[in-house]
$ cat upload.txt   # compact mmCIF, C-alpha atoms
# COMPACT_ATOMS: atom_id res chain seq x y z
CA MET A 526 -19.96 -12.21 29.05
CA VAL A 527 -22.62 -9.53 28.49
CA ALA A 528 -25.39 -11.89 29.58
CA ALA A 529 -23.61 -12.33 32.94
CA LEU A 530 -23.95 -8.64 33.84
CA SER A 531 -26.14 -7.83 36.82
CA PRO A 532 -28.95 -5.29 36.21
CA ILE A 533 -26.97 -2.58 38.04
CA ASP A 534 -23.84 -3.22 35.94
CA GLN A 535 -25.88 -3.28 32.76
CA ALA A 536 -27.41 0.08 33.77
CA LYS A 537 -23.94 1.51 34.28
CA PHE A 538 -22.75 0.14 30.97
CA VAL A 539 -25.62 1.48 28.86
CA ALA A 540 -25.22 4.95 30.43
CA ALA A 541 -21.51 4.85 29.68
CA ARG A 542 -22.06 3.62 26.14
CA ARG A 543 -24.59 6.36 25.39
CA SER A 544 -22.38 9.08 26.86
CA VAL A 545 -19.55 8.55 24.38
CA ASP A 546 -21.94 9.43 21.55
CA PHE A 547 -21.30 13.04 22.62
CA VAL A 548 -17.61 12.73 21.75
CA GLU A 549 -16.49 14.30 18.47
CA ASP A 550 -13.25 14.07 16.53
CA GLY A 551 -10.54 16.41 17.80
CA MET A 552 -12.03 16.85 21.27
CA LYS A 553 -10.08 17.28 24.48
CA LEU A 554 -11.80 15.12 27.07
CA GLY A 555 -11.85 14.72 30.84
CA LEU A 556 -12.17 11.11 31.98
CA GLY A 557 -13.83 10.47 35.33
CA THR A 558 -13.06 7.96 38.04
CA GLY A 559 -15.17 5.12 39.39
CA SER A 560 -16.97 1.99 38.26
CA THR A 561 -19.29 3.69 35.77
CA ALA A 562 -16.46 5.83 34.40
CA ALA A 563 -14.44 2.67 33.81
CA TRP A 564 -17.17 1.43 31.45
CA MET A 565 -17.05 4.80 29.70
CA VAL A 566 -13.28 4.64 29.15
CA ARG A 567 -13.68 1.23 27.51
CA CYS A 568 -16.54 2.43 25.33
CA LEU A 569 -14.57 5.52 24.30
CA ALA A 570 -11.56 3.40 23.35
CA GLU A 571 -13.84 1.24 21.22
CA ARG A 572 -15.09 4.29 19.29
CA VAL A 573 -11.57 5.63 18.88
CA ARG A 574 -10.36 2.30 17.54
CA ASP A 575 -13.33 1.61 15.25
CA GLU A 576 -13.88 5.13 13.90
CA GLY A 577 -10.35 6.52 13.95
CA LEU A 578 -11.25 9.44 16.22
CA GLN A 579 -8.44 11.72 17.35
CA VAL A 580 -9.03 12.69 20.98
CA THR A 581 -6.80 13.86 23.80
CA CYS A 582 -7.72 12.81 27.33
CA VAL A 583 -7.06 14.12 30.83
CA ALA A 584 -7.62 11.59 33.61
CA THR A 585 -9.00 12.45 37.04
CA SER A 586 -6.96 9.80 38.86
CA ALA A 587 -3.93 7.60 38.43
CA ARG A 588 -6.09 4.49 38.05
CA THR A 589 -8.17 6.09 35.29
CA ALA A 590 -4.98 7.18 33.53
CA ASP A 591 -3.63 3.63 33.73
CA LEU A 592 -6.87 2.18 32.36
CA ALA A 593 -7.12 4.74 29.55
CA GLN A 594 -3.54 4.25 28.42
CA GLY A 595 -3.98 0.50 28.66
CA VAL A 596 -6.83 0.58 26.13
CA GLY A 597 -4.94 2.85 23.75
CA LEU A 598 -6.17 6.35 24.61
CA LYS A 599 -3.86 9.36 24.56
CA VAL A 600 -3.60 10.78 28.10
CA VAL A 601 -1.90 14.08 28.99
CA GLY A 602 -1.79 16.38 32.01
CA ILE A 603 -4.40 19.10 32.53
CA ASP A 604 -1.80 21.86 32.22
CA GLU A 605 -0.81 20.60 28.78
CA VAL A 606 -4.27 21.29 27.34
CA ARG A 607 -5.48 23.91 29.88
CA TRP A 608 -9.13 23.70 28.75
CA LEU A 609 -11.36 20.78 27.80
CA ASP A 610 -14.34 20.40 25.51
CA LEU A 611 -16.09 17.78 27.58
CA THR A 612 -15.76 15.80 30.80
CA ILE A 613 -17.64 12.54 31.36
CA ASP A 614 -17.77 11.25 34.92
CA GLY A 615 -19.94 9.33 37.33
CA ALA A 616 -21.68 10.51 40.50
CA ASP A 617 -22.67 9.04 43.84
CA GLU A 618 -25.89 11.09 43.91
CA PHE A 619 -27.60 13.68 41.75
CA ASP A 620 -30.78 15.72 42.22
CA ALA A 621 -33.30 17.32 39.87
CA ASN A 622 -31.04 20.38 39.42
CA LEU A 623 -28.09 18.11 38.54
CA ASN A 624 -26.26 19.02 41.71
CA LEU A 625 -23.99 16.12 42.65
CA ILE A 626 -22.24 14.31 45.43
CA LYS A 627 -18.95 12.87 44.18
CA GLY A 628 -15.85 11.43 45.77
CA GLY A 629 -16.75 7.85 46.56
CA GLY A 630 -13.67 6.91 44.54
CA ALA A 631 -11.52 9.37 46.52
CA ALA A 632 -10.73 11.47 43.43
CA LEU A 633 -13.01 14.45 44.08
CA LEU A 634 -10.28 17.11 43.98
CA GLN A 635 -8.97 16.20 40.54
CA GLU A 636 -12.52 15.48 39.35
CA LYS A 637 -13.68 18.97 40.30
CA ILE A 638 -10.65 20.65 38.75
CA VAL A 639 -11.15 18.78 35.48
CA ALA A 640 -14.93 19.28 35.41
CA THR A 641 -14.69 23.03 35.98
CA ALA A 642 -12.03 23.30 33.27
CA SER A 643 -14.51 21.92 30.71
CA ASP A 644 -17.08 23.52 28.44
CA ARG A 645 -19.54 20.77 29.41
CA MET A 646 -19.80 18.04 32.02
CA ILE A 647 -21.80 14.88 31.40
CA VAL A 648 -22.63 12.65 34.35
CA ILE A 649 -23.28 8.97 33.79
CA ALA A 650 -25.20 7.03 36.43
CA ASP A 651 -27.64 4.24 37.06
CA ALA A 652 -31.18 5.26 37.99
CA ALA A 653 -30.63 4.53 41.70
CA LYS A 654 -28.26 7.50 41.95
CA GLU A 655 -31.10 10.01 41.44
CA VAL A 656 -32.45 11.43 44.72
CA ALA A 657 -35.03 14.03 45.69
CA GLN A 658 -32.53 15.62 48.08
CA LEU A 659 -28.79 15.11 48.41
CA GLY A 660 -27.29 13.61 51.53
CA ALA A 661 -28.15 9.93 51.81
CA TYR A 662 -24.70 9.13 50.41
CA PRO A 663 -21.88 10.31 52.72
CA LEU A 664 -20.32 13.56 51.56
CA PRO A 665 -16.54 13.23 51.06
CA VAL A 666 -14.33 16.12 52.14
CA GLU A 667 -10.65 16.09 51.21
CA VAL A 668 -8.35 17.42 53.96
CA ILE A 669 -4.62 17.73 54.49
CA PRO A 670 -3.13 15.18 56.89
CA PHE A 671 -1.58 17.84 59.15
CA GLY A 672 -4.04 18.58 61.94
CA TRP A 673 -6.78 16.48 60.39
CA GLN A 674 -8.38 15.78 63.75
CA THR A 675 -8.61 19.52 64.38
CA THR A 676 -10.14 19.97 60.94
CA LYS A 677 -12.61 17.18 61.72
CA ALA A 678 -13.61 18.90 64.97
CA LEU A 679 -14.09 22.22 63.16
CA ILE A 680 -16.30 20.54 60.57
CA GLU A 681 -18.40 18.88 63.29
CA GLU A 682 -18.83 22.20 65.08
CA THR A 683 -19.75 24.00 61.86
CA LEU A 684 -22.39 21.43 60.93
CA PHE A 685 -24.50 22.40 63.94
CA SER A 686 -25.32 25.71 62.26
CA LEU A 687 -26.31 24.13 58.93
CA ASP A 688 -29.44 22.48 57.58
CA VAL A 689 -28.46 18.81 57.79
CA MET A 690 -30.14 15.86 59.47
CA SER A 691 -27.08 14.08 60.88
CA ARG A 692 -23.55 15.20 61.76
CA GLU A 693 -21.35 12.10 61.83
CA VAL A 694 -17.82 12.60 60.48
CA ALA A 695 -15.43 9.69 59.94
CA LEU A 696 -11.94 9.32 58.52
CA ARG A 697 -11.96 7.02 55.49
CA LEU A 698 -9.74 4.01 56.07
CA VAL A 699 -8.19 1.28 53.93
CA LYS A 700 -7.11 -1.79 55.89
CA GLU A 701 -7.26 0.20 59.14
CA ALA A 702 -4.96 2.94 57.78
CA PRO A 703 -6.03 6.34 56.44
CA LEU A 704 -6.82 6.34 52.73
CA ILE A 705 -4.34 8.53 50.87
CA THR A 706 -5.58 10.36 47.78
CA ASP A 707 -3.50 10.87 44.64
CA GLU A 708 -2.59 14.30 46.01
CA GLY A 709 -1.48 12.90 49.38
CA HIS A 710 -4.55 13.97 51.35
CA TYR A 711 -7.08 12.27 53.65
CA ILE A 712 -10.83 11.92 53.13
CA LEU A 713 -13.42 12.68 55.80
CA ASP A 714 -16.85 11.21 55.07
CA LEU A 715 -19.78 13.26 56.38
CA SER A 716 -22.92 11.20 57.06
CA LEU A 717 -25.52 13.94 56.86
CA LYS A 718 -28.63 11.97 55.73
CA ARG A 719 -30.14 15.15 54.26
CA ILE A 720 -28.54 18.34 52.93
CA GLY A 721 -31.04 21.19 53.02
CA ASN A 722 -28.86 23.78 51.29
CA PRO A 723 -26.05 22.17 49.24
CA ARG A 724 -24.71 25.48 47.92
CA GLN A 725 -24.33 26.95 51.40
CA LEU A 726 -22.73 23.78 52.74
CA ALA A 727 -20.19 23.67 49.89
CA LEU A 728 -19.16 27.28 50.49
CA VAL A 729 -18.92 26.93 54.27
CA LEU A 730 -16.90 23.72 54.21
CA ASN A 731 -14.26 25.22 51.94
CA GLN A 732 -13.69 28.06 54.42
CA ILE A 733 -12.52 25.67 57.15
CA PRO A 734 -8.72 25.54 57.57
CA GLY A 735 -7.37 22.17 56.47
CA VAL A 736 -10.18 21.49 53.99
CA VAL A 737 -8.87 21.17 50.44
CA GLU A 738 -12.17 20.53 48.64
CA ASN A 739 -15.59 18.98 49.18
CA GLY A 740 -17.58 16.55 47.07
CA LEU A 741 -20.55 18.81 46.32
CA PHE A 742 -20.59 19.71 42.62
CA ILE A 743 -22.97 22.67 42.29
CA ASP A 744 -23.87 24.16 38.88
CA ILE A 745 -21.15 22.14 37.17
CA CYS A 746 -23.04 19.29 35.50
CA ASP A 747 -24.84 20.05 32.21
CA VAL A 748 -26.20 16.66 31.16
CA VAL A 749 -26.98 13.44 33.00
CA VAL A 750 -27.20 10.10 31.19
CA ILE A 751 -29.20 7.65 33.26
CA GLY A 752 -28.95 3.93 32.58
CA HIS A 753 -31.53 1.29 33.47
CA GLY A 754 -31.10 -2.42 33.99
CA ASP A 755 -33.25 -3.28 30.97
CA GLY A 756 -31.04 -1.33 28.55
CA ARG A 757 -33.08 1.88 28.50
CA VAL A 758 -31.26 5.22 28.67
CA THR A 759 -32.55 8.65 29.62
CA VAL A 760 -30.61 11.79 28.68
CA ARG A 761 -31.51 14.95 30.60
CA ASP A 762 -30.07 18.37 29.64
CA ILE A 763 -30.34 20.93 32.45
CA ASN A 764 -29.70 23.89 30.12
CA SER A 765 -32.22 23.13 27.37
CA GLY A 766 -34.67 21.29 29.57
CA LYS A 767 -34.82 18.46 27.03
CA VAL A 768 -35.27 14.84 28.08
CA GLU A 769 -34.56 12.07 25.58
CA THR A 770 -35.17 8.35 25.97
CA GLY A 771 -33.74 5.42 24.06
CA SER A 772 -31.96 2.12 24.49
CA VAL A 773 -28.55 0.57 23.97
CA ASP A 774 -27.93 -2.85 22.44
CA VAL A 775 -25.26 -4.34 24.69
CA THR A 776 -24.52 -7.17 22.27
CA GLU A 777 -22.91 -4.68 19.88
CA SER A 778 -20.10 -4.04 22.36
CA ARG A 779 -19.41 -7.56 23.51
CA ASN A 780 -15.66 -7.26 22.92
CA ILE A 781 -15.05 -4.57 25.56
CA PHE A 782 -16.08 -7.00 28.30
CA ALA A 783 -13.35 -9.48 27.53
CA ASP A 784 -10.85 -8.36 30.18
CA LEU A 785 -12.92 -6.03 32.33
CA ASP A 786 -12.56 -6.97 35.99
$ encode --input "upload.txt" --output "structure tokens"
Amino acid sequence: MVAALSPIDQAKFVAARRSVDFVEDGMKLGLGTGSTAAWMVRCLAERVRDEGLQVTCVATSARTADLAQGVGLKVVGIDEVRWLDLTIDGADEFDANLNLIKGGGAALLQEKIVATASDRMIVIADAAKEVAQLGAYPLPVEVIPFGWQTTKALIEETLFSLDVMSREVALRLVKEAPLITDEGHYILDLSLKRIGNPRQLALVLNQIPGVVENGLFIDICDVVVIGHGDGRVTVRDINSGKVETGSVDVTESRNIFADLD
């Protein structure tokens, strides 16, 4: 099963596997959403089972909660624990300052709440997610359904005063119907190509009526774990400036692939 992994999936797996080394007994953890985070949940469950770790988890989406509970992890609501030791999540893009674009999995609101309620945030990603400047990946913006077309028009108008290359805004659809987030909202995807000032854009977007939250995570991520298709892993800590390299033996975790779709 491991041998059948594509290079991109192997990169995601080794990043996920390395990230759970940061987990310690007794921790309260935030679990991210997305394909790379799904690997992480499986790897975490393996450590919990094999080492007898006692951890309490808060999921950033219903599908992550279902997965985590299905592999034996204890999942509670954020208000039950209030504060977390660590959140591990994926990203759609990250830059040299560990600023992120997130929300490809439509869970950006809960992801940002959980990440900011944590002492540390670790991002797990394959090497292709690193960019010199954010913006190639569409920026998700979560909006309330009421008046969403007005909100969309306000966003489009606002973008003309900001340092971006493109200004296309589209409603995210699923089978020709609006995607509905776990909180009952819509997602607008902003195709900007280049974001010259992510901090300014994040602040301005959240001032627009109808906008709930945007997918720019600024000064939230502490560590990024970057996986490569050949099994190498790079760990970069933005606070200490340290960069560590190593590798992960995927054959040691063969059993977690058994029922992973």
$ closest_residue --input "upload.txt" --among "A:Ala695, A:Ala650, A:Leu556, A:Val749" --to "Ile638 of chain A" --atoms "all atoms listed in the file"
A:Leu556
$ residues_around --input "upload.txt" --residues "Leu664 of chain A" --least-positions-apart "5" --cutoff "7 Å" --atoms "all atoms listed in the file" --output "short mmCIF file (atom, residue, chain, number, x, y, z; two decimals) with C-alpha atoms, in the coordinates of the input"
data_model
loop_
_atom_site.label_atom_id
_atom_site.label_comp_id
_atom_site.auth_asym_id
_atom_site.auth_seq_id
_atom_site.Cartn_x
_atom_site.Cartn_y
_atom_site.Cartn_z
CA ILE A 626 -22.24 14.31 45.43
CA ASP A 714 -16.85 11.21 55.07
CA LEU A 715 -19.78 13.26 56.38
CA SER A 716 -22.92 11.20 57.06
CA GLY A 740 -17.58 16.55 47.07
#
$ atom_distance --input "upload.txt" --atom1 "atom CA of Ala540 of chain A" --atom2 "atom CA of Thr561 of chain A"
8.1 Å
$ residues_around --input "upload.txt" --residues "segment 641-645 of chain A" --least-positions-apart "3" --cutoff "9 Å" --atoms "all atoms listed in the file" --output "list in words"
Lys553, Leu554, Gly555, Ile603, Arg607, Trp608, Leu609, Asp610, Leu611, Thr612, Ile613, Glu636, Lys637, Ile638, Ile745, Cys746, Asp747 and Val748 of chain A
$ residues_around --input "upload.txt" --residues "segment 594-601 of chain A" --least-positions-apart "2" --cutoff "9 Å" --atoms "all atoms listed in the file" --output "JSON, numbers by chain"
{"A": [566, 567, 569, 570, 571, 573, 574, 579, 580, 581, 582, 583, 584, 589, 590, 591, 592, 603, 604, 605, 606]}
$ atom_distance --input "upload.txt" --atom1 "atom CA of Ser772 of chain A" --atom2 "atom CA of Gly756 of chain A"
5.4 Å
$ closest_residue --input "upload.txt" --among "A:Leu687, A:Leu623, A:Leu634, A:Ala640" --to "Leu730 of chain A" --atoms "all atoms listed in the file"
A:Leu687
$ atom_distance --input "upload.txt" --atom1 "atom CA of Ile533 of chain A" --atom2 "atom CA of Asp755 of chain A"
9.5 Å
$ residues_around --input "upload.txt" --residues "Gly754 of chain A" --least-positions-apart "3" --cutoff "6 Å" --atoms "all atoms listed in the file" --output "count of residues only"
4
$ residues_around --input "upload.txt" --residues "Ser691 of chain A" --least-positions-apart "4" --cutoff "12 Å" --atoms "only C-alpha atoms" --output "ChimeraX atom specification"
/A:660-664,681,684-687,715-721
$ closest_residue --input "upload.txt" --among "A:Val736, A:Ala541, A:Val656, A:Ala678" --to "Asp614 of chain A" --atoms "all atoms listed in the file"
A:Ala541
$ closest_residue --input "upload.txt" --among "A:Gly630, A:Gly577, A:Gly735, A:Pro670" --to "Gly557 of chain A" --atoms "all atoms listed in the file"
A:Gly630
$ closest_residue --input "upload.txt" --among "A:Leu659, A:Ala702, A:Val773, A:Met565" --to "Arg724 of chain A" --atoms "all atoms listed in the file"
A:Leu659
$ closest_residue --input "upload.txt" --among "A:Leu679, A:Leu696, A:Val689, A:Ile705" --to "Ile733 of chain A" --atoms "all atoms listed in the file"
A:Leu679
$ axis_aligned_box --input "upload.txt" --around "segment 629-636 of chain A" --padding-each-side "4 Å" --output "lines of an AutoDock Vina configuration file"
center_x = -12.9
center_y = 12.0
center_z = 43.0
size_x = 15.8
size_y = 18.2
size_z = 15.2
$ decode --input "upload.txt" --residues "segment 736-780 of chain A" --atoms "N, CA and C atoms" --output "PDB file, in the first residue's frame"
ATOM      1  N   VAL A 736     -18.872  39.727   5.389  1.00  0.00           N
ATOM      2  CA  VAL A 736     -17.693  38.863   5.483  1.00  0.00           C
ATOM      3  C   VAL A 736     -17.584  38.341   6.912  1.00  0.00           C
ATOM      4  N   VAL A 737     -17.465  37.021   7.041  1.00  0.00           N
ATOM      5  CA  VAL A 737     -17.295  36.408   8.357  1.00  0.00           C
ATOM      6  C   VAL A 737     -15.811  36.288   8.694  1.00  0.00           C
ATOM      7  N   GLU A 738     -15.021  35.777   7.747  1.00  0.00           N
ATOM      8  CA  GLU A 738     -13.587  35.611   7.951  1.00  0.00           C
ATOM      9  C   GLU A 738     -12.927  35.348   6.610  1.00  0.00           C
ATOM     10  N   ASN A 739     -11.627  35.619   6.536  1.00  0.00           N
ATOM     11  CA  ASN A 739     -10.874  35.355   5.314  1.00  0.00           C
ATOM     12  C   ASN A 739      -9.790  34.316   5.577  1.00  0.00           C
ATOM     13  N   GLY A 740      -9.259  33.754   4.514  1.00  0.00           N
ATOM     14  CA  GLY A 740      -8.317  32.659   4.625  1.00  0.00           C
ATOM     15  C   GLY A 740      -6.862  33.048   4.746  1.00  0.00           C
ATOM     16  N   LEU A 741      -6.561  34.307   5.018  1.00  0.00           N
ATOM     17  CA  LEU A 741      -5.184  34.726   5.277  1.00  0.00           C
ATOM     18  C   LEU A 741      -4.877  34.524   6.762  1.00  0.00           C
ATOM     19  N   PHE A 742      -3.876  33.715   7.055  1.00  0.00           N
ATOM     20  CA  PHE A 742      -3.434  33.475   8.424  1.00  0.00           C
ATOM     21  C   PHE A 742      -2.099  34.203   8.589  1.00  0.00           C
ATOM     22  N   ILE A 743      -2.140  35.335   9.270  1.00  0.00           N
ATOM     23  CA  ILE A 743      -0.971  36.207   9.411  1.00  0.00           C
ATOM     24  C   ILE A 743      -0.462  36.132  10.850  1.00  0.00           C
ATOM     25  N   ASP A 744       0.830  35.846  11.017  1.00  0.00           N
ATOM     26  CA  ASP A 744       1.453  35.780  12.345  1.00  0.00           C
ATOM     27  C   ASP A 744       0.765  34.764  13.262  1.00  0.00           C
ATOM     28  N   ILE A 745       0.311  33.674  12.709  1.00  0.00           N
ATOM     29  CA  ILE A 745      -0.345  32.628  13.491  1.00  0.00           C
ATOM     30  C   ILE A 745       0.499  31.355  13.521  1.00  0.00           C
ATOM     31  N   CYS A 746       1.113  31.032  12.394  1.00  0.00           N
ATOM     32  CA  CYS A 746       1.903  29.805  12.284  1.00  0.00           C
ATOM     33  C   CYS A 746       3.284  29.991  12.913  1.00  0.00           C
ATOM     34  N   ASP A 747       3.716  29.008  13.698  1.00  0.00           N
ATOM     35  CA  ASP A 747       5.026  29.035  14.356  1.00  0.00           C
ATOM     36  C   ASP A 747       6.050  28.136  13.669  1.00  0.00           C
ATOM     37  N   VAL A 748       5.590  26.994  13.192  1.00  0.00           N
ATOM     38  CA  VAL A 748       6.490  25.993  12.613  1.00  0.00           C
ATOM     39  C   VAL A 748       5.840  25.436  11.348  1.00  0.00           C
ATOM     40  N   VAL A 749       6.647  25.217  10.318  1.00  0.00           N
ATOM     41  CA  VAL A 749       6.160  24.515   9.136  1.00  0.00           C
ATOM     42  C   VAL A 749       6.992  23.251   8.950  1.00  0.00           C
ATOM     43  N   VAL A 750       6.298  22.149   8.698  1.00  0.00           N
ATOM     44  CA  VAL A 750       6.946  20.867   8.424  1.00  0.00           C
ATOM     45  C   VAL A 750       6.691  20.559   6.954  1.00  0.00           C
ATOM     46  N   ILE A 751       7.757  20.537   6.177  1.00  0.00           N
ATOM     47  CA  ILE A 751       7.651  20.405   4.728  1.00  0.00           C
ATOM     48  C   ILE A 751       8.079  19.001   4.317  1.00  0.00           C
ATOM     49  N   GLY A 752       7.181  18.292   3.648  1.00  0.00           N
ATOM     50  CA  GLY A 752       7.486  16.952   3.183  1.00  0.00           C
ATOM     51  C   GLY A 752       7.900  16.948   1.723  1.00  0.00           C
ATOM     52  N   HIS A 753       8.754  15.999   1.369  1.00  0.00           N
ATOM     53  CA  HIS A 753       9.227  15.830  -0.006  1.00  0.00           C
ATOM     54  C   HIS A 753       8.904  14.419  -0.478  1.00  0.00           C
ATOM     55  N   GLY A 754       8.784  14.263  -1.772  1.00  0.00           N
ATOM     56  CA  GLY A 754       8.368  12.996  -2.341  1.00  0.00           C
ATOM     57  C   GLY A 754       9.328  11.854  -2.121  1.00  0.00           C
ATOM     58  N   ASP A 755      10.591  12.167  -1.773  1.00  0.00           N
ATOM     59  CA  ASP A 755      11.580  11.114  -1.541  1.00  0.00           C
ATOM     60  C   ASP A 755      11.714  10.743  -0.068  1.00  0.00           C
ATOM     61  N   GLY A 756      10.797  11.265   0.776  1.00  0.00           N
ATOM     62  CA  GLY A 756      10.816  10.932   2.194  1.00  0.00           C
ATOM     63  C   GLY A 756      11.544  11.935   3.068  1.00  0.00           C
ATOM     64  N   ARG A 757      12.193  12.932   2.469  1.00  0.00           N
ATOM     65  CA  ARG A 757      12.869  13.949   3.265  1.00  0.00           C
ATOM     66  C   ARG A 757      11.847  14.890   3.913  1.00  0.00           C
ATOM     67  N   VAL A 758      12.236  15.438   5.063  1.00  0.00           N
ATOM     68  CA  VAL A 758      11.383  16.381   5.791  1.00  0.00           C
ATOM     69  C   VAL A 758      12.227  17.556   6.258  1.00  0.00           C
ATOM     70  N   THR A 759      11.693  18.754   6.072  1.00  0.00           N
ATOM     71  CA  THR A 759      12.329  19.970   6.570  1.00  0.00           C
ATOM     72  C   THR A 759      11.418  20.612   7.605  1.00  0.00           C
ATOM     73  N   VAL A 760      11.976  20.955   8.759  1.00  0.00           N
ATOM     74  CA  VAL A 760      11.221  21.612   9.825  1.00  0.00           C
ATOM     75  C   VAL A 760      11.785  23.015  10.006  1.00  0.00           C
ATOM     76  N   ARG A 761      10.941  24.011   9.836  1.00  0.00           N
ATOM     77  CA  ARG A 761      11.375  25.407   9.910  1.00  0.00           C
ATOM     78  C   ARG A 761      10.613  26.113  11.037  1.00  0.00           C
ATOM     79  N   ASP A 762      11.321  26.675  11.993  1.00  0.00           N
ATOM     80  CA  ASP A 762      10.734  27.374  13.140  1.00  0.00           C
ATOM     81  C   ASP A 762      10.915  28.864  12.946  1.00  0.00           C
ATOM     82  N   ILE A 763       9.821  29.603  12.789  1.00  0.00           N
ATOM     83  CA  ILE A 763       9.891  31.034  12.499  1.00  0.00           C
ATOM     84  C   ILE A 763      10.382  31.823  13.700  1.00  0.00           C
ATOM     85  N   ASN A 764      10.166  31.320  14.911  1.00  0.00           N
ATOM     86  CA  ASN A 764      10.546  32.054  16.121  1.00  0.00           C
ATOM     87  C   ASN A 764      12.031  31.922  16.436  1.00  0.00           C
ATOM     88  N   SER A 765      12.550  30.707  16.339  1.00  0.00           N
ATOM     89  CA  SER A 765      13.972  30.483  16.645  1.00  0.00           C
ATOM     90  C   SER A 765      14.870  30.673  15.433  1.00  0.00           C
ATOM     91  N   GLY A 766      14.267  30.595  14.258  1.00  0.00           N
ATOM     92  CA  GLY A 766      15.056  30.687  13.033  1.00  0.00           C
ATOM     93  C   GLY A 766      15.731  29.384  12.653  1.00  0.00           C
ATOM     94  N   LYS A 767      15.491  28.321  13.422  1.00  0.00           N
ATOM     95  CA  LYS A 767      16.150  27.041  13.158  1.00  0.00           C
ATOM     96  C   LYS A 767      15.486  26.307  11.997  1.00  0.00           C
ATOM     97  N   VAL A 768      16.319  25.622  11.222  1.00  0.00           N
ATOM     98  CA  VAL A 768      15.844  24.755  10.144  1.00  0.00           C
ATOM     99  C   VAL A 768      16.482  23.392  10.332  1.00  0.00           C
ATOM    100  N   GLU A 769      15.660  22.354  10.446  1.00  0.00           N
ATOM    101  CA  GLU A 769      16.152  20.995  10.622  1.00  0.00           C
ATOM    102  C   GLU A 769      15.736  20.146   9.426  1.00  0.00           C
ATOM    103  N   THR A 770      16.594  19.219   9.045  1.00  0.00           N
ATOM    104  CA  THR A 770      16.273  18.299   7.960  1.00  0.00           C
ATOM    105  C   THR A 770      16.399  16.867   8.445  1.00  0.00           C
ATOM    106  N   GLY A 771      15.620  15.992   7.851  1.00  0.00           N
ATOM    107  CA  GLY A 771      15.666  14.582   8.213  1.00  0.00           C
ATOM    108  C   GLY A 771      14.872  13.790   7.203  1.00  0.00           C
ATOM    109  N   SER A 772      14.458  12.595   7.592  1.00  0.00           N
ATOM    110  CA  SER A 772      13.671  11.749   6.707  1.00  0.00           C
ATOM    111  C   SER A 772      12.749  10.883   7.541  1.00  0.00           C
ATOM    112  N   VAL A 773      11.735  10.351   6.894  1.00  0.00           N
ATOM    113  CA  VAL A 773      10.763   9.482   7.551  1.00  0.00           C
ATOM    114  C   VAL A 773      10.718   8.165   6.792  1.00  0.00           C
ATOM    115  N   ASP A 774      10.776   7.066   7.520  1.00  0.00           N
ATOM    116  CA  ASP A 774      10.667   5.738   6.927  1.00  0.00           C
ATOM    117  C   ASP A 774       9.192   5.369   6.839  1.00  0.00           C
ATOM    118  N   VAL A 775       8.626   5.431   5.660  1.00  0.00           N
ATOM    119  CA  VAL A 775       7.188   5.184   5.524  1.00  0.00           C
ATOM    120  C   VAL A 775       6.823   3.736   5.802  1.00  0.00           C
ATOM    121  N   THR A 776       7.748   2.826   5.691  1.00  0.00           N
ATOM    122  CA  THR A 776       7.422   1.414   5.920  1.00  0.00           C
ATOM    123  C   THR A 776       7.081   1.135   7.368  1.00  0.00           C
ATOM    124  N   GLU A 777       7.503   2.030   8.287  1.00  0.00           N
ATOM    125  CA  GLU A 777       7.212   1.813   9.706  1.00  0.00           C
ATOM    126  C   GLU A 777       5.751   2.074  10.040  1.00  0.00           C
ATOM    127  N   SER A 778       5.041   2.748   9.131  1.00  0.00           N
ATOM    128  CA  SER A 778       3.644   3.083   9.421  1.00  0.00           C
ATOM    129  C   SER A 778       2.709   2.486   8.383  1.00  0.00           C
ATOM    130  N   ARG A 779       3.068   1.326   7.904  1.00  0.00           N
ATOM    131  CA  ARG A 779       2.288   0.680   6.848  1.00  0.00           C
ATOM    132  C   ARG A 779       0.827   0.487   7.262  1.00  0.00           C
ATOM    133  N   ASN A 780       0.568   0.180   8.523  1.00  0.00           N
ATOM    134  CA  ASN A 780      -0.781  -0.185   8.940  1.00  0.00           C
ATOM    135  C   ASN A 780      -1.776   0.968   8.843  1.00  0.00           C
TER     136      ASN A 780
END
